[in-house]
Amino acid sequence: MKANQKIKSGVFADLFCDDEKDGKKNFLSLYNAIHGTNLTLENTKLERKQIPQAIYKTFDTDISVLVNGRLFVLIEHQSTPNENIPLRCLEYYVHLLYGIVPARFRYREPLYKIPAPEFYVFYNGRREQKQKPERERTMRLSDAFIEPQDEPTCEVEVKFANIGGEEGKNLPVVQNCAIMKEYCEFMEIVAHRRSELGTYPPDEALIECYDKAISEAISKGILVDYLSRKATEVRNMFVGEYDYDTDIKVHEEVAREQKALEDARNFLNEGIAPEVISRCVGLPLEQVLELQKEPIVSSTDKQ
């Protein structure tokens, strides 16, 4: 189950798959907890599958493994759960198939066997929901169909489990997998430490935050071997990981700032006082005064 070293693992993917010492063992422990099986490394064929992050950046903490010919996909989801996950999993599965099925076999007459997928999403986020979501449920692609079908001709099912907080620790998949339980406990510590920093802390503060979280977990007997071996790597994974929520917030803030600048320029062209513009669009007065120095653009110039 050798990982593609060009693709950086998140902590979840590393612990439950890519870690060179215990990744396979941890993965199989979680697999057995989900299926109620007792597979061992000696009698189980595991093959890691990945797609480029450039194609599917928002699932960069995924775990995709062929288990005795079945494609088993585990995803840790830290942004707000949304109902489009089955659609995204369908896209994800197709991208994986491109790397599994040779192009020359797709158009041949004999049937080419492909691995049946299983999708599991573990939500570990902290954002409040308007309606308290179920701890475990099955999400289906057919729920998104414009025309409902009693017997869908195309279906993707995703098993969803909210493993965050105290209630999450009581789920069977967590209780039946010791390493998963410790992971949840570690993520609780990380979330608590991270919440003290605000939205956009500097890297130095993040590094200190995650170092303290790792030290605290070790002192409490949580993931001791893993965190002792890979403390620096784990901290760097957290610091450098892709944060979907933060990415969205940054884009929204950029869009708001651009709109404010556009409105300010239009008001200046109308001869409105900079002090009034500053209050109306929410820009600092100094910034509006700088905009005032720009050449006035007439409506004919815009055309």
# chains A, B, ... in the order shown; residues from 1 in each chain; ligands from 1
$ residues_around --residues "Glu196 of chain A" --least-positions-apart "6" --cutoff "12 Å" --atoms "only C-alpha atoms" --output "PyMOL selection string"
chain A and resi 189-190+205-206+208-210+213
$ select_by_dssp --residues "segment 76-174 of chain A" --states "strand (DSSP E)" --output "MDAnalysis selection string"
chainID A and resid 76:77 117:123 136:140 157:162
$ residues_around --residues "segment 265-276 of chain A" --least-positions-apart "6" --cutoff "7 Å" --atoms "only C-alpha atoms" --output "ChimeraX atom specification"
/A:285,288-289,291-292,296
$ write_last_selection --atoms "N, CA and C atoms" --output "PDB file, in the first residue's frame"
ATOM      1  N   LEU A 285     -10.767  55.775   5.642  1.00  0.00           N
ATOM      2  CA  LEU A 285     -10.735  57.071   4.968  1.00  0.00           C
ATOM      3  C   LEU A 285      -9.447  57.245   4.164  1.00  0.00           C
ATOM      4  N   VAL A 288      -9.783  55.653   0.809  1.00  0.00           N
ATOM      5  CA  VAL A 288     -10.646  56.430  -0.093  1.00  0.00           C
ATOM      6  C   VAL A 288      -9.896  57.645  -0.627  1.00  0.00           C
ATOM      7  N   LEU A 289      -9.106  58.285   0.222  1.00  0.00           N
ATOM      8  CA  LEU A 289      -8.328  59.452  -0.212  1.00  0.00           C
ATOM      9  C   LEU A 289      -7.301  59.055  -1.264  1.00  0.00           C
ATOM     10  N   LEU A 291      -7.766  56.613  -3.402  1.00  0.00           N
ATOM     11  CA  LEU A 291      -8.557  56.404  -4.615  1.00  0.00           C
ATOM     12  C   LEU A 291      -8.888  57.726  -5.286  1.00  0.00           C
ATOM     13  N   GLN A 292      -9.046  58.764  -4.466  1.00  0.00           N
ATOM     14  CA  GLN A 292      -9.384  60.088  -4.992  1.00  0.00           C
ATOM     15  C   GLN A 292      -8.283  60.637  -5.900  1.00  0.00           C
ATOM     16  N   ILE A 296     -10.151  60.437 -12.920  1.00  0.00           N
ATOM     17  CA  ILE A 296     -11.601  60.207 -13.000  1.00  0.00           C
ATOM     18  C   ILE A 296     -11.925  59.517 -14.323  1.00  0.00           C
TER      19      ILE A 296
END
$ closest_residue --among "A:Glu182, A:Tyr226, A:Arg106, A:Phe145" --to "Leu15 of chain A" --atoms "only C-alpha atoms"
A:Tyr226
$ atom_distance --atom1 "atom CA of Thr232 of chain A" --atom2 "atom CA of Ala13 of chain A"
16.2 Å
$ closest_residue --among "A:Val158, A:Val173, A:Ala264, A:Ile218" --to "Glu83 of chain A" --atoms "only C-alpha atoms"
A:Val158
$ residues_around --residues "Glu257 of chain A" --least-positions-apart "6" --cutoff "10 Å" --atoms "only C-alpha atoms" --output "list in words"
His251, Asp263, Val281, Gly282 and Leu283 of chain A
$ select_by_dssp --residues "segment 95-265 of chain A" --states "helix (DSSP H, G or I)" --output "PyMOL selection string"
chain A and resi 95-100+103-105+141-144+165-168+172-175+178-195+203-219+224-240+244-265
$ atom_distance --atom1 "atom CA of Ala178 of chain A" --atom2 "atom CA of Met139 of chain A"
26.1 Å
$ closest_residue --among "A:Ile214, A:Ile51, A:Ala116, A:Cys89" --to "Arg235 of chain A" --atoms "only C-alpha atoms"
A:Ile214
